[in-house]
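Trainee: The structure follows.
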Amino acid sequence: MRAWTLLVANLLRNKLRLCLMVLMIALAFCLLALFQATHHGLYANTGQQNNQKLIVLNKASASMALPLRYLAQISAIAGVGAVGYADWFGGYYQSPENQVPVLAIDEAYLAANPELILDPASRTNWLQTRQGLLISQQLADKLGLQVGRQFTLGSSIWQRADQSGNQWDFIISGIYQVAEGSSMPASNLLMHYNYLNDVKQIRQHTVGAFSLLLSDPARYQQITRQIDLLFANSEAETKTMTLAAYAETMLGQLVNLNKVAALILGVVFATMLLVCASNIANSLRDRRQELALQLVIGFPRLRLMTQLMQENLLLLLTGCTVGYLLAWLVVGVLQGWLQSFLPGFGLQWPDLLQAGALVLIFAVLVTIQPARAIRQLSLSEQLKTA
(Lines give C-alpha, C1' and ligand atoms only; values in the text may rest on other atoms or scores of the structure.)
Protein backbone atom coordinates (compact mmCIF):
# COMPACT_ATOMS: atom_id res chain seq x y z
CA MET A 1 0.00 0.00 0.00
CA ARG A 2 2.88 2.40 0.91
CA ALA A 3 4.51 1.66 -2.45
CA TRP A 4 1.28 2.54 -4.26
CA THR A 5 0.92 5.75 -2.23
CA LEU A 6 4.49 6.74 -3.11
CA LEU A 7 3.84 5.99 -6.77
CA VAL A 8 0.77 8.23 -6.93
CA ALA A 9 2.48 10.97 -4.92
CA ASN A 10 5.41 11.06 -7.35
CA LEU A 11 3.06 11.39 -10.32
CA LEU A 12 1.12 14.20 -8.63
CA ARG A 13 4.29 16.11 -7.74
CA ASN A 14 3.71 18.56 -10.63
CA LYS A 15 0.01 18.49 -11.48
CA LEU A 16 0.23 20.84 -14.47
CA ARG A 17 2.99 18.78 -16.07
CA LEU A 18 1.02 15.60 -15.39
CA CYS A 19 -2.16 16.95 -17.00
CA LEU A 20 -0.31 18.16 -20.09
CA MET A 21 1.48 14.83 -20.53
CA VAL A 22 -1.72 12.82 -20.09
CA LEU A 23 -3.46 15.07 -22.63
CA MET A 24 -0.64 14.70 -25.14
CA ILE A 25 -0.57 10.91 -24.76
CA ALA A 26 -4.38 10.75 -24.96
CA LEU A 27 -4.45 12.69 -28.23
CA ALA A 28 -1.78 10.43 -29.73
CA PHE A 29 -3.67 7.26 -28.82
CA CYS A 30 -6.96 8.80 -29.94
CA LEU A 31 -5.39 9.38 -33.35
CA LEU A 32 -4.17 5.79 -33.37
CA ALA A 33 -7.68 4.54 -32.56
CA LEU A 34 -9.24 6.61 -35.36
CA PHE A 35 -6.71 5.19 -37.83
CA GLN A 36 -7.57 1.69 -36.64
CA ALA A 37 -11.30 2.34 -37.09
CA THR A 38 -10.76 3.74 -40.58
CA HIS A 39 -8.52 0.82 -41.49
CA HIS A 40 -11.27 -1.63 -40.52
CA GLY A 41 -13.75 0.27 -42.66
CA LEU A 42 -11.53 0.44 -45.73
CA TYR A 43 -10.29 -3.12 -45.56
CA ALA A 44 -13.48 -4.84 -44.41
CA ASN A 45 -13.83 -6.61 -47.75
CA THR A 46 -10.17 -7.54 -48.05
CA GLY A 47 -10.14 -9.08 -44.61
CA GLN A 48 -12.92 -11.53 -45.37
CA GLN A 49 -11.80 -14.84 -46.79
CA ASN A 50 -15.04 -15.26 -48.74
CA ASN A 51 -14.43 -17.26 -51.89
CA GLN A 52 -18.11 -17.70 -52.66
CA LYS A 53 -18.41 -14.41 -54.53
CA LEU A 54 -16.51 -13.58 -57.71
CA ILE A 55 -16.47 -10.57 -59.96
CA VAL A 56 -15.69 -10.65 -63.69
CA LEU A 57 -14.21 -7.49 -65.22
CA ASN A 58 -12.59 -6.46 -68.47
CA LYS A 59 -8.93 -7.50 -68.33
CA ALA A 60 -7.73 -4.28 -69.98
CA SER A 61 -9.45 -1.96 -67.50
CA ALA A 62 -12.29 -2.05 -65.02
CA SER A 63 -13.77 0.99 -66.79
CA MET A 64 -14.11 -0.91 -70.08
CA ALA A 65 -17.22 -2.90 -70.88
CA LEU A 66 -17.93 -6.60 -71.39
CA PRO A 67 -20.45 -7.97 -73.89
CA LEU A 68 -23.73 -9.01 -72.27
CA ARG A 69 -23.68 -12.24 -74.28
CA TYR A 70 -20.95 -13.56 -71.96
CA LEU A 71 -23.72 -14.17 -69.42
CA ALA A 72 -24.90 -17.43 -71.00
CA GLN A 73 -21.40 -18.91 -71.15
CA ILE A 74 -20.56 -17.95 -67.57
CA SER A 75 -23.86 -19.32 -66.27
CA ALA A 76 -23.17 -22.69 -67.93
CA ILE A 77 -19.96 -23.27 -65.94
CA ALA A 78 -20.29 -25.95 -63.29
CA GLY A 79 -20.13 -24.59 -59.77
CA VAL A 80 -21.65 -21.21 -60.62
CA GLY A 81 -24.88 -20.76 -58.68
CA ALA A 82 -26.14 -17.32 -59.68
CA VAL A 83 -24.86 -14.70 -62.12
CA GLY A 84 -25.98 -11.10 -62.26
CA TYR A 85 -24.53 -8.06 -63.96
CA ALA A 86 -24.17 -4.37 -63.25
CA ASP A 87 -23.13 -1.20 -65.02
CA TRP A 88 -22.03 2.09 -63.51
CA PHE A 89 -24.47 4.93 -64.13
CA GLY A 90 -22.26 7.80 -62.98
CA GLY A 91 -25.14 9.71 -61.45
CA TYR A 92 -25.33 13.16 -59.95
CA TYR A 93 -28.09 15.34 -58.54
CA GLN A 94 -28.57 18.77 -60.14
CA SER A 95 -24.84 19.41 -60.63
CA PRO A 96 -21.86 17.11 -61.31
CA GLU A 97 -20.39 18.02 -57.92
CA ASN A 98 -23.27 16.22 -56.16
CA GLN A 99 -22.31 12.65 -57.04
CA VAL A 100 -24.88 9.90 -56.44
CA PRO A 101 -23.74 6.22 -56.60
CA VAL A 102 -26.15 4.45 -58.94
CA LEU A 103 -25.75 0.90 -60.28
CA ALA A 104 -27.78 -0.42 -63.19
CA ILE A 105 -28.52 -4.08 -62.39
CA ASP A 106 -30.67 -7.01 -63.45
CA GLU A 107 -32.86 -9.09 -61.15
CA ALA A 108 -30.26 -11.88 -60.95
CA TYR A 109 -27.82 -9.41 -59.38
CA LEU A 110 -29.93 -9.55 -56.23
CA ALA A 111 -29.67 -13.34 -56.17
CA ALA A 112 -25.90 -13.14 -56.65
CA ASN A 113 -25.66 -10.73 -53.70
CA PRO A 114 -27.82 -12.20 -50.94
CA GLU A 115 -26.59 -9.50 -48.53
CA LEU A 116 -29.15 -7.23 -50.23
CA ILE A 117 -32.38 -8.03 -48.43
CA LEU A 118 -35.58 -7.00 -50.21
CA ASP A 119 -39.11 -7.65 -49.04
CA PRO A 120 -41.52 -9.19 -51.62
CA ALA A 121 -43.61 -6.02 -52.00
CA SER A 122 -40.56 -3.87 -52.78
CA ARG A 123 -39.21 -6.47 -55.20
CA THR A 124 -42.51 -6.71 -57.07
CA ASN A 125 -42.95 -2.95 -57.21
CA TRP A 126 -39.40 -2.47 -58.50
CA LEU A 127 -39.73 -5.16 -61.16
CA GLN A 128 -42.94 -3.59 -62.44
CA THR A 129 -41.53 -0.04 -62.54
CA ARG A 130 -39.19 0.57 -65.46
CA GLN A 131 -37.81 3.77 -63.97
CA GLY A 132 -37.77 2.32 -60.47
CA LEU A 133 -34.94 2.75 -58.00
CA LEU A 134 -34.06 0.66 -54.97
CA ILE A 135 -32.64 2.61 -52.04
CA SER A 136 -31.14 1.30 -48.82
CA GLN A 137 -33.01 1.70 -45.56
CA GLN A 138 -30.07 3.62 -44.06
CA LEU A 139 -29.97 6.09 -46.94
CA ALA A 140 -33.75 6.51 -46.98
CA ASP A 141 -33.76 7.30 -43.25
CA LYS A 142 -30.83 9.68 -43.60
CA LEU A 143 -32.33 11.66 -46.51
CA GLY A 144 -35.97 11.34 -45.45
CA LEU A 145 -36.97 9.59 -48.70
CA GLN A 146 -40.01 7.36 -49.13
CA VAL A 147 -41.35 4.99 -51.74
CA GLY A 148 -43.05 6.93 -54.52
CA ARG A 149 -40.66 9.89 -54.46
CA GLN A 150 -39.86 11.06 -58.01
CA PHE A 151 -36.74 12.96 -59.03
CA THR A 152 -34.28 13.44 -61.89
CA LEU A 153 -30.63 12.45 -61.93
CA GLY A 154 -27.98 13.41 -64.43
CA SER A 155 -25.34 11.00 -65.73
CA SER A 156 -21.72 11.94 -66.28
CA ILE A 157 -21.30 8.88 -68.52
CA TRP A 158 -24.42 8.27 -70.57
CA GLN A 159 -26.27 10.44 -73.07
CA ARG A 160 -29.84 9.52 -74.00
CA ALA A 161 -30.49 8.32 -77.52
CA ASP A 162 -33.76 10.31 -77.66
CA GLN A 163 -31.78 13.57 -77.76
CA SER A 164 -32.99 14.66 -74.31
CA GLY A 165 -29.47 15.01 -72.95
CA ASN A 166 -28.16 13.24 -69.90
CA GLN A 167 -31.14 13.71 -67.56
CA TRP A 168 -32.94 10.56 -66.38
CA ASP A 169 -36.24 10.38 -64.49
CA PHE A 170 -36.56 7.96 -61.56
CA ILE A 171 -39.04 6.92 -58.90
CA ILE A 172 -38.23 5.16 -55.64
CA SER A 173 -40.07 1.87 -55.90
CA GLY A 174 -38.50 -0.16 -53.10
CA ILE A 175 -36.24 -0.13 -50.06
CA TYR A 176 -33.58 -2.75 -49.41
CA GLN A 177 -31.52 -3.55 -46.35
CA VAL A 178 -27.94 -4.77 -46.08
CA ALA A 179 -27.43 -7.87 -43.94
CA GLU A 180 -25.85 -7.24 -40.56
CA GLY A 181 -22.11 -7.74 -40.59
CA SER A 182 -21.89 -7.36 -44.37
CA SER A 183 -19.16 -5.16 -45.79
CA MET A 184 -21.32 -4.26 -48.79
CA PRO A 185 -21.95 -0.49 -48.92
CA ALA A 186 -25.48 0.71 -48.26
CA SER A 187 -24.99 3.91 -50.24
CA ASN A 188 -25.86 2.62 -53.72
CA LEU A 189 -29.06 3.30 -55.59
CA LEU A 190 -30.08 0.37 -57.79
CA MET A 191 -31.81 1.00 -61.14
CA HIS A 192 -32.95 -1.31 -63.93
CA TYR A 193 -30.26 -2.23 -66.42
CA ASN A 194 -32.87 -2.46 -69.19
CA TYR A 195 -33.88 1.16 -68.60
CA LEU A 196 -30.28 2.23 -69.10
CA ASN A 197 -29.60 -0.15 -71.98
CA ASP A 198 -32.71 0.81 -73.96
CA VAL A 199 -32.12 4.55 -73.69
CA LYS A 200 -28.34 5.07 -73.64
CA GLN A 201 -26.77 6.30 -76.84
CA ILE A 202 -23.68 4.07 -77.03
CA ARG A 203 -22.35 0.71 -75.82
CA GLN A 204 -25.69 -1.02 -75.74
CA HIS A 205 -25.82 -4.65 -74.58
CA THR A 206 -22.61 -4.25 -72.61
CA VAL A 207 -22.03 -4.31 -68.85
CA GLY A 208 -19.33 -3.17 -66.48
CA ALA A 209 -19.06 -6.40 -64.49
CA PHE A 210 -20.62 -9.78 -63.82
CA SER A 211 -21.29 -10.74 -60.21
CA LEU A 212 -21.12 -14.47 -59.39
CA LEU A 213 -22.32 -16.48 -56.42
CA LEU A 214 -20.70 -19.91 -56.42
CA SER A 215 -22.56 -23.05 -55.43
CA ASP A 216 -19.18 -24.73 -54.83
CA PRO A 217 -16.82 -22.14 -53.25
CA ALA A 218 -14.07 -24.76 -52.86
CA ARG A 219 -13.59 -24.64 -56.67
CA TYR A 220 -13.27 -20.86 -56.89
CA GLN A 221 -9.70 -20.97 -58.24
CA GLN A 222 -10.61 -23.49 -60.92
CA ILE A 223 -13.73 -21.52 -61.88
CA THR A 224 -11.72 -18.29 -62.01
CA ARG A 225 -9.20 -19.80 -64.44
CA GLN A 226 -11.97 -21.45 -66.47
CA ILE A 227 -13.80 -18.17 -67.03
CA ASP A 228 -10.68 -16.28 -68.08
CA LEU A 229 -9.58 -19.09 -70.41
CA LEU A 230 -13.05 -19.15 -71.92
CA PHE A 231 -12.70 -15.58 -73.15
CA ALA A 232 -8.95 -15.55 -73.83
CA ASN A 233 -8.03 -13.92 -77.16
CA SER A 234 -11.57 -12.58 -77.53
CA GLU A 235 -12.57 -8.99 -78.26
CA ALA A 236 -12.93 -8.39 -74.51
CA GLU A 237 -10.76 -10.64 -72.37
CA THR A 238 -11.81 -11.05 -68.75
CA LYS A 239 -10.16 -10.85 -65.36
CA THR A 240 -11.97 -12.84 -62.68
CA MET A 241 -11.23 -12.51 -58.96
CA THR A 242 -12.85 -12.75 -55.57
CA LEU A 243 -14.67 -9.71 -54.29
CA ALA A 244 -12.07 -9.36 -51.52
CA ALA A 245 -9.22 -9.32 -54.04
CA TYR A 246 -11.04 -6.74 -56.15
CA ALA A 247 -11.53 -4.45 -53.13
CA GLU A 248 -7.83 -4.73 -52.28
CA THR A 249 -6.86 -3.96 -55.89
CA MET A 250 -9.03 -0.85 -55.98
CA LEU A 251 -7.51 0.43 -52.74
CA GLY A 252 -4.03 -0.29 -54.04
CA GLN A 253 -4.71 1.85 -57.13
CA LEU A 254 -5.60 4.83 -54.96
CA VAL A 255 -2.82 4.78 -52.38
CA ASN A 256 -1.05 2.36 -50.12
CA LEU A 257 -2.98 3.34 -47.00
CA ASN A 258 -1.01 0.99 -44.81
CA LYS A 259 2.25 2.79 -45.55
CA VAL A 260 0.69 6.22 -45.18
CA ALA A 261 -0.88 5.28 -41.84
CA ALA A 262 2.35 3.70 -40.62
CA LEU A 263 4.33 6.81 -41.57
CA ILE A 264 1.94 9.20 -39.83
CA LEU A 265 1.65 7.07 -36.74
CA GLY A 266 5.41 6.63 -36.63
CA VAL A 267 5.92 10.40 -36.62
CA VAL A 268 3.20 10.94 -34.00
CA PHE A 269 4.47 8.28 -31.63
CA ALA A 270 8.11 9.23 -32.09
CA THR A 271 7.16 12.79 -31.12
CA MET A 272 5.19 11.49 -28.18
CA LEU A 273 8.12 9.38 -27.04
CA LEU A 274 10.55 12.28 -27.24
CA VAL A 275 8.24 14.61 -25.32
CA CYS A 276 7.63 11.96 -22.64
CA ALA A 277 11.34 11.24 -22.32
CA SER A 278 12.11 14.95 -22.05
CA ASN A 279 9.51 15.49 -19.32
CA ILE A 280 10.63 12.41 -17.41
CA ALA A 281 14.24 13.59 -17.60
CA ASN A 282 13.23 16.98 -16.21
CA SER A 283 11.29 15.27 -13.45
CA LEU A 284 14.31 13.13 -12.63
CA ARG A 285 16.54 16.18 -12.26
CA ASP A 286 14.06 17.61 -9.78
CA ARG A 287 14.13 14.36 -7.81
CA ARG A 288 17.85 13.58 -8.01
CA GLN A 289 18.55 14.47 -4.38
CA GLU A 290 15.47 12.57 -3.25
CA LEU A 291 16.60 9.44 -5.13
CA ALA A 292 20.08 9.77 -3.60
CA LEU A 293 18.50 9.99 -0.16
CA GLN A 294 16.46 6.86 -0.83
CA LEU A 295 19.67 5.04 -1.71
CA VAL A 296 21.26 6.23 1.56
CA ILE A 297 18.41 4.95 3.72
CA GLY A 298 18.55 1.53 2.08
CA PHE A 299 16.40 1.49 -1.07
CA PRO A 300 18.03 -0.85 -3.63
CA ARG A 301 18.80 0.68 -7.03
CA LEU A 302 16.66 -1.98 -8.70
CA ARG A 303 13.73 -0.96 -6.49
CA LEU A 304 14.07 2.66 -7.62
CA MET A 305 14.33 1.63 -11.28
CA THR A 306 11.22 -0.49 -10.90
CA GLN A 307 9.45 2.43 -9.25
CA LEU A 308 10.24 4.68 -12.22
CA MET A 309 9.05 1.98 -14.62
CA GLN A 310 5.75 1.72 -12.74
CA GLU A 311 5.29 5.50 -12.80
CA ASN A 312 5.84 5.66 -16.56
CA LEU A 313 3.58 2.67 -17.15
CA LEU A 314 0.78 4.20 -15.09
CA LEU A 315 1.20 7.55 -16.86
CA LEU A 316 1.06 5.99 -20.33
CA LEU A 317 -1.80 3.68 -19.40
CA THR A 318 -3.84 6.62 -18.10
CA GLY A 319 -3.24 8.58 -21.30
CA CYS A 320 -4.05 5.56 -23.45
CA THR A 321 -7.31 4.93 -21.58
CA VAL A 322 -8.41 8.56 -21.92
CA GLY A 323 -7.46 8.54 -25.61
CA TYR A 324 -9.45 5.41 -26.42
CA LEU A 325 -12.47 6.65 -24.45
CA LEU A 326 -12.36 9.85 -26.49
CA ALA A 327 -11.95 7.88 -29.74
CA TRP A 328 -14.86 5.61 -28.76
CA LEU A 329 -17.10 8.66 -28.48
CA VAL A 330 -15.90 10.11 -31.79
CA VAL A 331 -16.26 6.78 -33.62
CA GLY A 332 -19.76 6.38 -32.21
CA VAL A 333 -20.76 9.70 -33.74
CA LEU A 334 -19.04 9.05 -37.09
CA GLN A 335 -20.48 5.55 -37.50
CA GLY A 336 -23.92 6.97 -38.13
CA TRP A 337 -22.57 9.06 -41.00
CA LEU A 338 -20.14 6.54 -42.47
CA GLN A 339 -22.15 3.33 -42.12
CA SER A 340 -23.45 3.60 -45.68
CA PHE A 341 -19.95 4.04 -47.13
CA LEU A 342 -17.68 2.17 -44.69
CA PRO A 343 -19.78 -0.56 -43.06
CA GLY A 344 -16.76 -1.95 -41.21
CA PHE A 345 -15.79 1.40 -39.64
CA GLY A 346 -15.30 0.96 -35.91
CA LEU A 347 -13.01 -0.25 -33.14
CA GLN A 348 -12.38 -3.90 -32.30
CA TRP A 349 -11.01 -5.67 -29.23
CA PRO A 350 -7.65 -6.52 -30.88
CA ASP A 351 -7.08 -2.76 -31.24
CA LEU A 352 -6.91 -2.48 -27.46
CA LEU A 353 -4.35 -5.27 -27.31
CA GLN A 354 -2.17 -3.42 -29.83
CA ALA A 355 -2.45 -0.24 -27.78
CA GLY A 356 -1.54 -2.14 -24.61
CA ALA A 357 1.56 -3.55 -26.28
CA LEU A 358 2.60 -0.05 -27.37
CA VAL A 359 2.11 1.26 -23.83
CA LEU A 360 4.41 -1.43 -22.47
CA ILE A 361 7.07 -0.83 -25.13
CA PHE A 362 7.03 2.95 -24.60
CA ALA A 363 7.16 2.54 -20.81
CA VAL A 364 10.35 0.48 -21.16
CA LEU A 365 11.94 2.90 -23.64
CA VAL A 366 11.31 6.07 -21.62
CA THR A 367 12.64 4.35 -18.47
CA ILE A 368 16.01 3.41 -19.95
CA GLN A 369 17.70 6.81 -19.57
CA PRO A 370 16.36 7.53 -16.03
CA ALA A 371 17.41 4.03 -14.96
CA ARG A 372 20.94 4.70 -16.21
CA ALA A 373 20.98 7.97 -14.24
CA ILE A 374 19.98 6.13 -11.05
CA ARG A 375 22.68 3.55 -11.65
CA GLN A 376 25.28 6.30 -12.05
CA LEU A 377 24.39 8.17 -8.85
CA SER A 378 27.75 8.55 -7.16
CA LEU A 379 28.57 7.86 -3.54
CA SER A 380 29.53 11.52 -3.05
CA GLU A 381 26.03 12.66 -4.06
CA GLN A 382 24.53 10.14 -1.62
CA LEU A 383 26.81 11.38 1.19
CA LYS A 384 25.97 15.03 0.46
CA THR A 385 22.29 14.18 0.71
CA ALA A 386 22.84 12.34 3.96
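Ligands are numbered from 1 in the order shown, residues from 1 within each chain, and chains are lettered A, B, ... in the order they appear in the C-alpha coordinates.
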With DSSP run on the backbone, what are the helix (DSSP H, G or I) residues within segment 97-295 of chain A? I'd like them as a VMD selection string.
Mentor: chain A and resid 107 to 112 120 to 127 137 to 143 193 to 199 217 to 230 243 to 254 257 to 286 288 to 295
Trainee: What's the 8 Å shell around Val322 of chain A, counting only C-alpha atoms, without same-chain residues fewer than 4 positions away, as a count of residues only?
Mentor: 3
Trainee: Give me the segment 129-208 of chain A side of the contact with segment 213-237 of chain A, cut-off 12 Å, one line per residue showing its nearest atom pair and distance in Å at one decimal, counting only C-alpha atoms, sorted by chain and residue number, as a tab-separated table.
Mentor:
residue	atom	partner	partner_atom	distance
A:Thr206	CA	A:Ala236	CA	10.7
A:Val207	CA	A:Ala236	CA	11.5
A:Gly208	CA	A:Ala236	CA	11.5
Trainee: Go ahead and save the picked residues with N, CA and C atoms, as a PDB file, in the first residue's frame.
Mentor:
ATOM      1  N   THR A 206     -23.885  -4.023 -73.300  1.00  0.00           N
ATOM      2  CA  THR A 206     -22.605  -4.247 -72.607  1.00  0.00           C
ATOM      3  C   THR A 206     -22.802  -3.943 -71.120  1.00  0.00           C
ATOM      4  N   VAL A 207     -21.947  -4.524 -70.295  1.00  0.00           N
ATOM      5  CA  VAL A 207     -22.031  -4.306 -68.848  1.00  0.00           C
ATOM      6  C   VAL A 207     -20.639  -4.003 -68.299  1.00  0.00           C
ATOM      7  N   GLY A 208     -20.616  -3.467 -67.099  1.00  0.00           N
ATOM      8  CA  GLY A 208     -19.330  -3.170 -66.477  1.00  0.00           C
ATOM      9  C   GLY A 208     -18.715  -4.372 -65.794  1.00  0.00           C
TER      10      GLY A 208
END
Trainee: With only C-alpha atoms as the counted atoms, please give the residues lying no more than 12 Å from Gln137 of chain A, apart from itself and same-chain residues fewer than 2 positions off, as a PyMOL selection string.
Mentor: chain A and resi 116-119+122+134-135+139-147+172+174-179+185-189+339-340
Trainee: Determine the nearest neighbour of Leu57 of chain A from the options A:Ile105, A:Cys19, A:Ala161, A:Ala209, counting only C-alpha atoms.
Mentor: A:Ala209
Trainee: Kindly indicate which residue among A:Leu352, A:Val100, A:Val268, A:Val56 lies nearest to Leu68 of chain A, using only C-alpha atoms for the distances.
Mentor: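 Closest residue, counting only C-alpha atoms: A:Val56.
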Trainee: Report the residues of segment 143-232 of chain A whose backbone DSSP state falls under strand (DSSP E), written as a PyMOL selection string.
Mentor: chain A and resi 150-155+167-178+189-192+206-207+209-214
Trainee: Store the residues picked out above, limited to N, CA and C atoms, as a short mmCIF file (atom, residue, chain, number, x, y, z; two decimals), in the first residue's frame.
Mentor:
data_model
loop_
_atom_site.label_atom_id
_atom_site.label_comp_id
_atom_site.auth_asym_id
_atom_site.auth_seq_id
_atom_site.Cartn_x
_atom_site.Cartn_y
_atom_site.Cartn_z
N GLN A 150 -40.36 10.93 -56.65
CA GLN A 150 -39.86 11.06 -58.01
C GLN A 150 -38.81 12.16 -58.07
N PHE A 151 -37.76 11.94 -58.84
CA PHE A 151 -36.74 12.96 -59.03
C PHE A 151 -35.94 12.64 -60.28
N THR A 152 -35.09 13.57 -60.68
CA THR A 152 -34.28 13.44 -61.89
C THR A 152 -32.81 13.44 -61.52
N LEU A 153 -32.07 12.52 -62.12
CA LEU A 153 -30.63 12.45 -61.93
C LEU A 153 -29.93 12.64 -63.27
N GLY A 154 -28.79 13.32 -63.24
CA GLY A 154 -27.98 13.41 -64.43
C GLY A 154 -26.95 12.29 -64.45
N SER A 155 -26.39 12.01 -65.61
CA SER A 155 -25.34 11.00 -65.73
C SER A 155 -24.11 11.63 -66.37
N GLN A 167 -30.23 13.69 -68.70
CA GLN A 167 -31.14 13.71 -67.56
C GLN A 167 -32.07 12.50 -67.61
N TRP A 168 -32.16 11.80 -66.46
CA TRP A 168 -32.94 10.56 -66.38
C TRP A 168 -33.93 10.67 -65.23
N ASP A 169 -35.19 10.32 -65.51
CA ASP A 169 -36.24 10.38 -64.49
C ASP A 169 -36.32 9.05 -63.74
N PHE A 170 -36.48 9.15 -62.41
CA PHE A 170 -36.56 7.96 -61.56
C PHE A 170 -37.69 8.11 -60.56
N ILE A 171 -38.08 6.96 -59.99
CA ILE A 171 -39.04 6.92 -58.90
C ILE A 171 -38.60 5.84 -57.92
N ILE A 172 -38.61 6.16 -56.64
CA ILE A 172 -38.23 5.16 -55.64
C ILE A 172 -39.35 4.14 -55.52
N SER A 173 -39.04 2.91 -55.88
CA SER A 173 -40.07 1.87 -55.90
C SER A 173 -39.84 0.79 -54.86
N GLY A 174 -38.75 0.86 -54.12
CA GLY A 174 -38.50 -0.16 -53.10
C GLY A 174 -37.34 0.21 -52.22
N ILE A 175 -37.31 -0.36 -51.03
CA ILE A 175 -36.24 -0.13 -50.06
C ILE A 175 -35.61 -1.46 -49.69
N TYR A 176 -34.29 -1.52 -49.78
CA TYR A 176 -33.58 -2.75 -49.41
C TYR A 176 -32.77 -2.52 -48.15
N GLN A 177 -32.39 -3.60 -47.52
CA GLN A 177 -31.52 -3.55 -46.35
C GLN A 177 -30.27 -4.39 -46.62
N VAL A 178 -29.19 -4.02 -45.96
CA VAL A 178 -27.94 -4.77 -46.08
C VAL A 178 -27.82 -5.65 -44.84
N LEU A 189 -27.72 3.38 -55.03
CA LEU A 189 -29.06 3.30 -55.59
C LEU A 189 -29.03 2.28 -56.72
N LEU A 190 -30.06 1.45 -56.81
CA LEU A 190 -30.08 0.37 -57.79
C LEU A 190 -31.20 0.61 -58.79
N MET A 191 -30.85 0.78 -60.06
CA MET A 191 -31.81 1.00 -61.14
C MET A 191 -31.88 -0.22 -62.04
N HIS A 192 -32.82 -0.21 -62.97
CA HIS A 192 -32.95 -1.31 -63.93
C HIS A 192 -31.91 -1.17 -65.03
N THR A 206 -23.88 -4.02 -73.30
CA THR A 206 -22.61 -4.25 -72.61
C THR A 206 -22.80 -3.94 -71.12
N VAL A 207 -21.95 -4.52 -70.29
CA VAL A 207 -22.03 -4.31 -68.85
C VAL A 207 -20.64 -4.00 -68.30
N ALA A 209 -19.57 -5.24 -65.23
CA ALA A 209 -19.06 -6.40 -64.49
C ALA A 209 -20.15 -7.43 -64.33
N PHE A 210 -19.73 -8.68 -64.18
CA PHE A 210 -20.62 -9.78 -63.82
C PHE A 210 -20.35 -10.14 -62.36
N SER A 211 -21.41 -10.37 -61.62
CA SER A 211 -21.29 -10.74 -60.21
C SER A 211 -21.74 -12.19 -60.05
N LEU A 212 -20.86 -13.03 -59.48
CA LEU A 212 -21.12 -14.47 -59.39
C LEU A 212 -21.24 -14.91 -57.95
N LEU A 213 -22.19 -15.78 -57.70
CA LEU A 213 -22.32 -16.48 -56.42
C LEU A 213 -22.11 -17.95 -56.70
N LEU A 214 -21.07 -18.53 -56.12
CA LEU A 214 -20.70 -19.91 -56.42
C LEU A 214 -21.49 -20.89 -55.56
#
Trainee: Find the distance between atom CA of Met241 of chain A and atom CA of Met184 of chain A and write it in Å to one decimal.
Mentor: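 If I compute the distance from atom CA of Met241 of chain A to atom CA of Met184 of chain A, I get 16.5 Å.
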Trainee: Hey, can you check how far atom CA of Gln52 of chain A sits from atom CA of Thr238 of chain A?
Mentor: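 Calculated distance between atom CA of Gln52 of chain A and atom CA of Thr238 of chain A is 18.5 Å.
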Trainee: So, with only C-alpha atoms as the atoms that count, which of A:Gln36, A:Gln131, A:Gln369, A:Asn98 lies closest to Leu308 of chain A?
Mentor: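 Checking each of A:Gln36, A:Gln131, A:Gln369, A:Asn98 against Leu308 of chain A, counting only C-alpha atoms, the winner is A:Gln369.
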Trainee: Contacts of segment 363-367 of chain A at 8 Å or less, counting only C-alpha atoms, minus same-chain residues fewer than 5 places along, as an mmCIF file with N, CA, C and O atoms, in the first residue's frame?
Mentor:
data_model
loop_
_atom_site.group_PDB
_atom_site.id
_atom_site.type_symbol
_atom_site.label_atom_id
_atom_site.label_comp_id
_atom_site.auth_asym_id
_atom_site.auth_seq_id
_atom_site.Cartn_x
_atom_site.Cartn_y
_atom_site.Cartn_z
ATOM 1 N N LEU A 273 7.052 10.014 -27.812
ATOM 2 C CA LEU A 273 8.120 9.381 -27.037
ATOM 3 C C LEU A 273 9.182 10.394 -26.624
ATOM 4 O O LEU A 273 9.649 10.407 -25.481
ATOM 5 N N CYS A 276 7.696 12.694 -23.917
ATOM 6 C CA CYS A 276 7.628 11.959 -22.639
ATOM 7 C C CYS A 276 9.014 11.818 -22.020
ATOM 8 O O CYS A 276 9.203 12.042 -20.818
ATOM 9 N N ALA A 277 9.976 11.431 -22.838
ATOM 10 C CA ALA A 277 11.335 11.244 -22.325
ATOM 11 C C ALA A 277 11.905 12.547 -21.790
ATOM 12 O O ALA A 277 12.575 12.577 -20.749
ATOM 13 N N ILE A 280 10.169 13.334 -18.455
ATOM 14 C CA ILE A 280 10.627 12.415 -17.409
ATOM 15 C C ILE A 280 12.044 12.763 -16.976
ATOM 16 O O ILE A 280 12.388 12.699 -15.789
ATOM 17 N N MET A 305 14.568 1.775 -9.843
ATOM 18 C CA MET A 305 14.334 1.635 -11.281
ATOM 19 C C MET A 305 12.935 1.081 -11.542
ATOM 20 O O MET A 305 12.223 1.537 -12.450
ATOM 21 N N LEU A 308 10.342 3.797 -11.063
ATOM 22 C CA LEU A 308 10.236 4.684 -12.224
ATOM 23 C C LEU A 308 9.474 4.007 -13.371
ATOM 24 O O LEU A 308 8.659 4.632 -14.050
ATOM 25 N N MET A 309 9.749 2.732 -13.582
ATOM 26 C CA MET A 309 9.051 1.980 -14.616
ATOM 27 C C MET A 309 7.549 1.960 -14.340
ATOM 28 O O MET A 309 6.726 2.155 -15.246
ATOM 29 N N ASN A 312 6.003 5.437 -15.120
ATOM 30 C CA ASN A 312 5.843 5.659 -16.557
ATOM 31 C C ASN A 312 4.719 4.808 -17.130
ATOM 32 O O ASN A 312 3.953 5.259 -17.985
ATOM 33 N N LEU A 313 4.630 3.568 -16.660
ATOM 34 C CA LEU A 313 3.582 2.674 -17.147
ATOM 35 C C LEU A 313 2.205 3.201 -16.764
ATOM 36 O O LEU A 313 1.277 3.204 -17.583
ATOM 37 N N LEU A 316 1.417 6.339 -18.966
ATOM 38 C CA LEU A 316 1.056 5.992 -20.335
ATOM 39 C C LEU A 316 -0.287 5.268 -20.390
ATOM 40 O O LEU A 316 -1.094 5.493 -21.301
#
Trainee: Mind checking which residues fall within 12 Å of Thr321 of chain A, counting only C-alpha atoms, ignoring those fewer than 3 positions away in the same chain, and posting them as an MDAnalysis selection string?
Mentor: chainID A and resid 22:23 25:30 33 313:318 324:328 352 355:356 359
Trainee: For atom CA of Tyr85 of chain A and atom CA of Asp106 of chain A, determine how far apart the two atoms are, in Å to one decimal place.
Mentor: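 Atom-to-atom, atom CA of Tyr85 of chain A and atom CA of Asp106 of chain A are spaced 6.2 Å apart.
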Trainee: Could you check which of A:Ala371, A:Thr306, A:Gly266, A:Trp88 is closest to Asn197 of chain A, using only C-alpha atoms?
Mentor: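 Using only C-alpha atoms, Asn197 of chain A sits closest to A:Trp88.
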Trainee: Can you tell me, as a list in words, what residues are no more than 10 Å from Gly332 of chain A when counting only C-alpha atoms, ignoring any on the same chain fewer than 6 positions away?
Mentor: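 Residues meeting the cut-off are Leu326, Phe345, Gly346 and Leu347 of chain A.
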